[in-house]
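Q: One file: work_18.csv (CSV, C-alpha atoms).
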chain,number,residue,atom,x,y,z
A,734,GLU,CA,0.0,0.0,0.0
A,735,THR,CA,1.5,3.4,-1.1
A,736,GLY,CA,1.3,6.2,1.5
A,737,VAL,CA,0.8,9.9,0.9
A,738,THR,CA,3.6,11.4,-1.1
A,739,GLN,CA,4.4,15.1,-1.6
A,740,SER,CA,6.7,17.1,-3.8
A,741,PRO,CA,8.9,19.0,-3.6
A,742,THR,CA,10.1,18.5,-0.1
A,743,HIS,CA,11.8,21.9,0.1
A,744,LEU,CA,11.7,25.0,-2.0
A,745,ILE,CA,12.6,28.6,-1.8
A,746,LYS,CA,10.7,31.4,-3.6
A,747,THR,CA,10.8,35.1,-3.6
A,748,ARG,CA,7.9,37.4,-2.6
A,749,GLY,CA,5.4,37.8,-5.5
A,750,GLN,CA,6.2,34.5,-7.2
A,751,GLN,CA,3.9,31.6,-7.6
A,752,VAL,CA,4.3,28.0,-6.3
A,753,THR,CA,2.7,24.7,-7.0
A,754,LEU,CA,2.9,21.8,-4.5
A,755,ARG,CA,1.8,18.3,-5.4
A,756,CYS,CA,0.3,15.4,-3.5
A,757,SER,CA,-0.4,11.8,-4.3
A,758,SER,CA,-3.0,10.3,-2.0
A,759,GLN,CA,-2.8,7.0,-0.3
A,760,SER,CA,-4.0,4.0,-2.4
A,761,GLY,CA,-7.8,3.7,-2.1
A,762,HIS,CA,-8.3,7.2,-0.8
A,763,ASN,CA,-10.5,9.7,-2.7
A,764,THR,CA,-10.4,12.7,-0.5
A,765,VAL,CA,-7.4,15.1,-0.1
A,766,SER,CA,-7.0,17.9,2.4
A,767,TRP,CA,-4.3,20.5,2.6
A,768,TYR,CA,-3.0,22.1,5.8
A,769,GLN,CA,-0.5,24.9,6.5
A,770,GLN,CA,1.7,24.7,9.5
A,771,ALA,CA,3.6,27.8,10.5
A,772,LEU,CA,6.7,27.4,12.7
A,773,GLY,CA,5.7,26.5,16.3
A,774,GLN,CA,2.0,26.2,15.6
A,775,GLY,CA,-0.4,23.4,14.8
A,776,PRO,CA,-1.5,22.8,11.2
A,777,GLN,CA,-4.3,25.0,9.9
A,778,PHE,CA,-6.9,23.7,7.4
A,779,ILE,CA,-6.7,25.2,3.9
A,780,PHE,CA,-9.2,23.2,1.9
A,781,GLN,CA,-10.4,19.8,1.0
A,782,TYR,CA,-11.1,18.1,-2.3
A,783,TYR,CA,-13.5,15.2,-3.0
A,784,ARG,CA,-14.1,13.8,-6.5
A,785,GLU,CA,-12.3,16.7,-8.1
A,786,GLU,CA,-14.5,19.4,-6.3
A,787,GLU,CA,-13.5,21.7,-3.5
A,788,ASN,CA,-15.5,20.6,-0.4
A,789,GLY,CA,-14.8,23.0,2.5
A,790,ARG,CA,-12.3,25.8,2.8
A,791,GLY,CA,-10.5,27.4,5.8
A,792,ASN,CA,-9.7,31.0,6.4
A,793,PHE,CA,-7.3,31.5,3.5
A,794,PRO,CA,-7.4,34.1,0.7
A,795,PRO,CA,-8.4,33.2,-2.9
A,796,ARG,CA,-4.7,33.3,-4.0
A,797,PHE,CA,-4.6,29.8,-2.4
A,798,SER,CA,-6.2,27.5,-4.9
A,799,GLY,CA,-6.2,23.8,-5.7
A,800,LEU,CA,-7.0,21.0,-8.0
A,801,GLN,CA,-7.8,17.3,-7.7
A,802,PHE,CA,-7.3,15.0,-10.6
A,803,PRO,CA,-9.2,11.9,-11.7
A,804,ASN,CA,-6.6,9.7,-10.0
A,805,TYR,CA,-7.2,11.6,-6.8
A,806,SER,CA,-3.8,13.3,-6.7
A,807,SER,CA,-3.9,17.0,-5.9
A,808,GLU,CA,-2.1,20.3,-6.4
A,809,LEU,CA,-2.0,23.4,-4.1
A,810,ASN,CA,-1.2,26.6,-5.9
A,811,VAL,CA,-0.3,29.8,-4.1
A,812,ASN,CA,-0.1,33.1,-6.1
A,813,ALA,CA,1.6,36.4,-5.2
A,814,LEU,CA,3.6,34.8,-2.4
A,815,GLU,CA,4.0,36.7,0.8
A,816,LEU,CA,6.7,36.3,3.5
A,817,ASP,CA,4.0,34.9,5.9
A,818,ASP,CA,3.4,32.1,3.4
A,819,SER,CA,6.6,30.5,4.6
A,820,ALA,CA,5.5,27.3,6.3
A,821,LEU,CA,5.2,23.5,6.1
A,822,TYR,CA,2.4,22.5,3.7
A,823,LEU,CA,0.9,19.2,4.6
A,824,CYS,CA,-1.3,17.0,2.5
A,825,ALA,CA,-3.6,14.4,4.0
A,826,SER,CA,-5.8,11.8,2.4
A,827,SER,CA,-8.8,9.9,3.6
A,828,THR,CA,-11.8,7.9,2.3
A,829,GLY,CA,-15.1,9.7,1.9
A,830,LEU,CA,-16.3,13.0,3.2
A,831,ASN,CA,-16.8,12.4,6.9
A,832,THR,CA,-13.1,12.9,7.6
A,833,GLY,CA,-12.6,9.5,9.1
A,834,GLU,CA,-8.9,8.8,9.8
A,835,LEU,CA,-6.5,11.2,8.0
A,836,PHE,CA,-3.1,10.1,6.8
A,837,PHE,CA,-0.5,12.8,6.2
A,838,GLY,CA,2.5,13.1,3.8
A,839,GLU,CA,5.9,14.3,4.8
A,840,GLY,CA,5.1,17.9,3.8
A,841,SER,CA,6.6,20.5,1.5
A,842,ARG,CA,8.6,23.2,3.4
A,843,LEU,CA,8.3,26.5,1.6
A,844,THR,CA,10.5,29.5,2.4
A,845,VAL,CA,9.6,32.9,0.9
A,846,LEU,CA,12.3,35.5,0.8
B,442,GLY,CA,-14.8,29.3,17.6
B,443,ILE,CA,-13.9,25.7,18.4
B,444,GLN,CA,-10.9,25.4,20.7
B,445,VAL,CA,-8.5,22.5,21.2
B,446,GLU,CA,-6.1,22.9,24.1
B,447,GLN,CA,-3.3,20.6,25.0
B,448,SER,CA,-1.3,20.4,28.2
B,449,PRO,CA,1.4,20.6,29.2
B,450,PRO,CA,2.9,22.7,26.4
B,451,ASP,CA,6.4,21.3,27.1
B,452,LEU,CA,7.5,18.2,29.0
B,453,ILE,CA,11.1,17.0,29.7
B,454,LEU,CA,11.5,13.5,31.0
B,455,GLN,CA,14.2,11.0,31.7
B,456,GLU,CA,14.3,7.9,29.6
B,457,GLY,CA,12.1,5.2,31.1
B,458,ALA,CA,9.6,7.6,32.7
B,459,ASN,CA,5.9,7.6,32.0
B,460,SER,CA,3.8,10.5,30.9
B,461,THR,CA,0.3,11.7,30.3
B,462,LEU,CA,-0.6,14.3,27.7
B,463,ARG,CA,-4.1,15.9,27.8
B,464,CYS,CA,-6.3,17.3,25.1
B,465,ASN,CA,-9.4,19.4,26.0
B,466,PHE,CA,-11.9,20.4,23.4
B,467,SER,CA,-14.7,23.0,23.5
B,468,ASP,CA,-17.4,21.2,21.4
B,469,SER,CA,-18.8,17.8,20.6
B,470,VAL,CA,-16.3,15.8,18.5
B,471,ASN,CA,-17.1,13.3,15.7
B,472,ASN,CA,-13.6,11.9,15.7
B,473,LEU,CA,-10.3,12.5,17.4
B,474,GLN,CA,-6.8,11.6,16.3
B,475,TRP,CA,-3.4,11.7,18.1
B,476,PHE,CA,-0.3,12.4,16.0
B,477,HIS,CA,3.4,12.4,16.6
B,478,GLN,CA,5.3,14.9,14.5
B,479,ASN,CA,8.8,13.8,13.9
B,480,PRO,CA,11.8,16.1,13.5
B,481,TRP,CA,11.4,16.1,9.7
B,482,GLY,CA,7.8,17.4,10.0
B,483,GLN,CA,5.8,14.3,9.2
B,484,LEU,CA,2.7,13.7,11.2
B,485,ILE,CA,2.6,10.0,12.2
B,486,ASN,CA,-0.8,8.6,13.1
B,487,LEU,CA,-0.9,7.2,16.7
B,488,PHE,CA,-4.6,6.7,17.4
B,489,TYR,CA,-7.9,7.3,15.8
B,490,ILE,CA,-10.1,7.4,18.9
B,491,PRO,CA,-13.5,9.2,18.9
B,492,SER,CA,-14.3,7.5,22.2
B,493,GLY,CA,-13.1,4.7,24.4
B,494,THR,CA,-9.6,3.4,25.0
B,495,LYS,CA,-7.0,1.9,22.7
B,496,GLN,CA,-3.6,0.6,23.2
B,497,ASN,CA,-0.6,0.1,20.9
B,498,GLY,CA,2.5,-1.2,22.6
B,499,ARG,CA,3.8,1.4,25.1
B,500,LEU,CA,1.2,3.9,24.0
B,501,SER,CA,-2.5,4.1,24.9
B,502,ALA,CA,-5.2,6.7,24.5
B,503,THR,CA,-8.6,7.4,26.1
B,504,THR,CA,-11.2,9.7,24.8
B,505,VAL,CA,-14.2,10.7,27.0
B,506,ALA,CA,-16.3,12.5,24.5
B,507,THR,CA,-19.1,13.4,27.0
B,508,GLU,CA,-16.5,15.3,29.1
B,509,ARG,CA,-14.7,16.7,26.1
B,510,TYR,CA,-11.2,15.4,26.7
B,511,SER,CA,-8.7,12.9,25.5
B,512,LEU,CA,-5.5,11.5,27.1
B,513,LEU,CA,-2.4,10.0,25.6
B,514,TYR,CA,-0.3,7.8,27.8
B,515,ILE,CA,3.3,7.0,27.0
B,516,SER,CA,5.0,4.4,29.2
B,517,SER,CA,8.7,3.6,29.5
B,518,SER,CA,9.7,6.6,27.4
B,519,GLN,CA,12.5,6.2,24.8
B,520,THR,CA,14.5,8.9,23.2
B,521,THR,CA,12.7,8.2,19.9
B,522,ASP,CA,9.5,9.3,21.6
B,523,SER,CA,10.8,12.9,21.5
B,524,GLY,CA,8.9,15.3,19.3
B,525,VAL,CA,5.6,17.2,19.2
B,526,TYR,CA,2.4,15.5,19.9
B,527,PHE,CA,-0.8,16.9,18.5
B,528,CYS,CA,-4.4,16.0,19.1
B,529,ALA,CA,-6.9,17.0,16.4
B,530,GLY,CA,-10.7,16.7,16.2
B,531,ASP,CA,-13.4,16.8,13.6
B,532,PHE,CA,-16.2,18.9,15.0
B,533,GLY,CA,-18.8,18.2,12.3
B,534,ASN,CA,-17.2,20.5,9.7
B,535,GLU,CA,-15.3,17.9,7.8
B,536,LYS,CA,-11.8,19.2,8.7
B,537,LEU,CA,-9.4,18.5,11.5
B,538,THR,CA,-8.9,21.3,14.1
B,539,PHE,CA,-5.5,20.8,15.7
B,540,GLY,CA,-4.5,21.6,19.2
B,541,THR,CA,-1.5,23.6,20.2
B,542,GLY,CA,0.8,20.6,20.7
B,543,THR,CA,2.9,19.2,23.5
B,544,ARG,CA,6.7,19.2,22.9
B,545,LEU,CA,8.1,16.1,24.6
B,546,THR,CA,11.8,15.8,25.2
B,547,ILE,CA,13.2,12.5,26.5
B,548,ILE,CA,16.7,12.7,28.0
B,549,PRO,CA,18.9,9.6,27.9
Using C-alpha cells, write down the structure that the file contains.

A:
Amino acid sequence: ETGVTQSPTHLIKTRGQQVTLRCSSQSGHNTVSWYQQALGQGPQFIFQYYREEENGRGNFPPRFSGLQFPNYSSELNVNALELDDSALYLCASSTGLNTGELFFGEGSRLTVL
Amino acid sequence: GIQVEQSPPDLILQEGANSTLRCNFSDSVNNLQWFHQNPWGQLINLFYIPSGTKQNGRLSATTVATERYSLLYISSSQTTDSGVYFCAGDFGNEKLTFGTGTRLTIIP
C-alpha cells in the first residue's frame, strides 16, 4: 500500500512569485486535504477536495487554490507569495467526506524570501 | 470558535519515565486523532479514537467524548518518543482542528 507522497520536499521562492505543490493520495483514498503549519504552531486547514471538487475551505485568501485530478492526486497553488506564506504544507488523504482517519504526507517546506 | 487545548505545552522526562498528555476540546467531537510529529515534520498517526480506550505497545489513549477530553499515555519513554504530539478533532465541519501541541523531550 502506497502512502501519501508530496513534492517538492523543500523549496525557496521570492515574494510575489507563484508556487505549485503536489500530493499523491494513499491508495484507495479519494479525499485530499491541505494544511498549512507555521513554525511553532499546529496545522491549519486550507481546503479539502473530494471527487475533483472543493469541499470546504478554511480562512485562506483566494490566492490559495487547488485542484484534484481523476486519479485523486492534488495540487496546491499559491499566487503572489508573501513572506508569511513561509510554512510547512501538509497534504492528507482519507476515504469519503466524513473525515474518518486522515493520513499525512511528509510535507513541503516553503521558504519565501 | 472551536478550541482544542493541549497540556502541558512542554515536557522533559528521563528515559524510562511515564507521561500523560491531555487534550481538551470545546465542542462535541465526531472523531479525534493523536499524532506524533517527527523532527522532519511528518505527522505520524498514533490513534484514531473518537471514544473509548485503545492501546498500541507502550502507548495508549482514552477519549471521554461526553466530558470533552482525551488523554495520551506513554510508558517507559524512549529517546525516539521525542517530538511534538498533536491531538486533532473533527467537530462536524469535515476538517481537523488541531491543538497547540505538546513538545516532549526524552533525555537519555

Q: For chain A, list the residues within 9 Å of chain B, counting all atoms listed in the file, and write the list as a list of chain:residue names.

A: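 Those within range of chain B come out as A:Ser766, A:Gly773, A:Gln774, A:Gly775, A:Pro776, A:Gln777, A:Phe778, A:Phe780, A:Gln781, A:Asn788, A:Gly789, A:Arg790, A:Gly791, A:Leu821, A:Leu823, A:Leu830, A:Asn831, A:Thr832, A:Gly833, A:Glu834, A:Leu835, A:Phe836, A:Phe837, A:Gly838, A:Glu839, A:Gly840, A:Arg842.
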
Q: Just to be explicit: take each residue in the selection above, keep C-alpha atoms, and write the result as a PDB file, in the frame of the given file.

A:
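After the write, selection-v5.pdb holds the following:
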ATOM      1  CA  SER A 766      -7.000  17.900   2.400  1.00  0.00           C
ATOM      2  CA  GLY A 773       5.700  26.500  16.300  1.00  0.00           C
ATOM      3  CA  GLN A 774       2.000  26.200  15.600  1.00  0.00           C
ATOM      4  CA  GLY A 775      -0.400  23.400  14.800  1.00  0.00           C
ATOM      5  CA  PRO A 776      -1.500  22.800  11.200  1.00  0.00           C
ATOM      6  CA  GLN A 777      -4.300  25.000   9.900  1.00  0.00           C
ATOM      7  CA  PHE A 778      -6.900  23.700   7.400  1.00  0.00           C
ATOM      8  CA  PHE A 780      -9.200  23.200   1.900  1.00  0.00           C
ATOM      9  CA  GLN A 781     -10.400  19.800   1.000  1.00  0.00           C
ATOM     10  CA  ASN A 788     -15.500  20.600  -0.400  1.00  0.00           C
ATOM     11  CA  GLY A 789     -14.800  23.000   2.500  1.00  0.00           C
ATOM     12  CA  ARG A 790     -12.300  25.800   2.800  1.00  0.00           C
ATOM     13  CA  GLY A 791     -10.500  27.400   5.800  1.00  0.00           C
ATOM     14  CA  LEU A 821       5.200  23.500   6.100  1.00  0.00           C
ATOM     15  CA  LEU A 823       0.900  19.200   4.600  1.00  0.00           C
ATOM     16  CA  LEU A 830     -16.300  13.000   3.200  1.00  0.00           C
ATOM     17  CA  ASN A 831     -16.800  12.400   6.900  1.00  0.00           C
ATOM     18  CA  THR A 832     -13.100  12.900   7.600  1.00  0.00           C
ATOM     19  CA  GLY A 833     -12.600   9.500   9.100  1.00  0.00           C
ATOM     20  CA  GLU A 834      -8.900   8.800   9.800  1.00  0.00           C
ATOM     21  CA  LEU A 835      -6.500  11.200   8.000  1.00  0.00           C
ATOM     22  CA  PHE A 836      -3.100  10.100   6.800  1.00  0.00           C
ATOM     23  CA  PHE A 837      -0.500  12.800   6.200  1.00  0.00           C
ATOM     24  CA  GLY A 838       2.500  13.100   3.800  1.00  0.00           C
ATOM     25  CA  GLU A 839       5.900  14.300   4.800  1.00  0.00           C
ATOM     26  CA  GLY A 840       5.100  17.900   3.800  1.00  0.00           C
ATOM     27  CA  ARG A 842       8.600  23.200   3.400  1.00  0.00           C
TER      28      ARG A 842
END

Q: Here's a test: counting all atoms listed in the file, identify every protein, DNA and RNA residue with an atom at most 8 Å from (-1.2, 20.3, -6.2) in the file's coordinate frame, and state them as number ranges by chain.

A: A: 753-756, 799-801, 806-810

Q: Using only C-alpha atoms, can you tell me which of B:Thr504, B:Thr494, B:Thr546, B:Gln455 comes closest to Ser469 in chain B?

A: B:Thr504

Q: At what distance in Å, to one decimal, does CA of Ala825 in chain A lie from CA of Glu787 in chain A?

A: 14.4 Å

Q: Could you work out how far CA of Pro549 in chain B lies from CA of His477 in chain B, giving the answer in Å with one decimal?

A: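 According to the coordinates, CA of His477 in chain B and CA of Pro549 in chain B are separated by 19.4 Å.
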
Q: Measuring between all atoms listed in the file, which one of B:Ser511, B:Ser492, B:Ser518, B:Ser467 shows the shortest distance to Gly442 in chain B?

A: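 Ranking B:Ser511, B:Ser492, B:Ser518, B:Ser467 by distance to Gly442 in chain B, first place goes to B:Ser467.
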
Q: Could you tell me how far CA of Leu772 in chain A lies from CA of Ala820 in chain A, in Å and to one decimal?

A: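 Atom-to-atom, CA of Leu772 in chain A and CA of Ala820 in chain A are spaced 6.5 Å apart.
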
Q: Neighbouring residues of Val845 in chain A were defined as those with any atom within 6 Å, considering only C-alpha atoms; residues of the same chain fewer than 3 positions away were excluded. Please report them as a PDB file with C-alpha atoms, in the coordinates of the input.

A:
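See out_32.pdb below for the written result:
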ATOM      1  CA  ILE A 745      12.600  28.600  -1.800  1.00  0.00           C
ATOM      2  CA  LYS A 746      10.700  31.400  -3.600  1.00  0.00           C
ATOM      3  CA  THR A 747      10.800  35.100  -3.600  1.00  0.00           C
ATOM      4  CA  ARG A 748       7.900  37.400  -2.600  1.00  0.00           C
ATOM      5  CA  LEU A 816       6.700  36.300   3.500  1.00  0.00           C
ATOM      6  CA  SER A 819       6.600  30.500   4.600  1.00  0.00           C
TER       7      SER A 819
END

Q: Tell me which of B:Leu454, B:Val470, B:Ile547, B:Leu462 sits closest to Asp522 in chain B, counting all atoms listed in the file.

A: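 The shortest atom-to-atom distance to Asp522 in chain B comes from B:Ile547.
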
Q: Any idea what's packed within 9 Å of Arg784 in chain A, counting only C-alpha atoms, ignoring anything in its chain fewer than 5 positions away? Could you give it as a compact mmCIF listing (two decimals) with C-alpha atoms, in the coordinates of the input?

A:
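Output file result-v6.txt is given in full below:
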# COMPACT_ATOMS: atom_id res chain seq x y z
CA ASN A 763 -10.50 9.70 -2.70
CA THR A 764 -10.40 12.70 -0.50
CA GLN A 801 -7.80 17.30 -7.70
CA PHE A 802 -7.30 15.00 -10.60
CA PRO A 803 -9.20 11.90 -11.70
CA TYR A 805 -7.20 11.60 -6.80

Q: Looking at B:Ser460, B:Gln444, B:Ser517, B:Ser523, which one is nearest to Pro480 in chain B, with distances taken over all atoms listed in the file?

A: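 Smallest distance to Pro480 in chain B is found for B:Ser523.
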
Q: Which of these, A:Ser757, A:Thr742, A:Asn812, A:Ser827, has the shortest distance to Tyr783 in chain A once you count all atoms listed in the file?

A: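 Ranking A:Ser757, A:Thr742, A:Asn812, A:Ser827 by distance to Tyr783 in chain A, first place goes to A:Ser827.
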
Q: Using all atoms listed in the file, pick whichever of B:Ser448, B:Thr507, B:Ser501, B:Asn465 has the shortest atom-to-atom distance to Leu545 in chain B.

A: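 Answer, going by the shortest atom-to-atom distance: B:Ser448.
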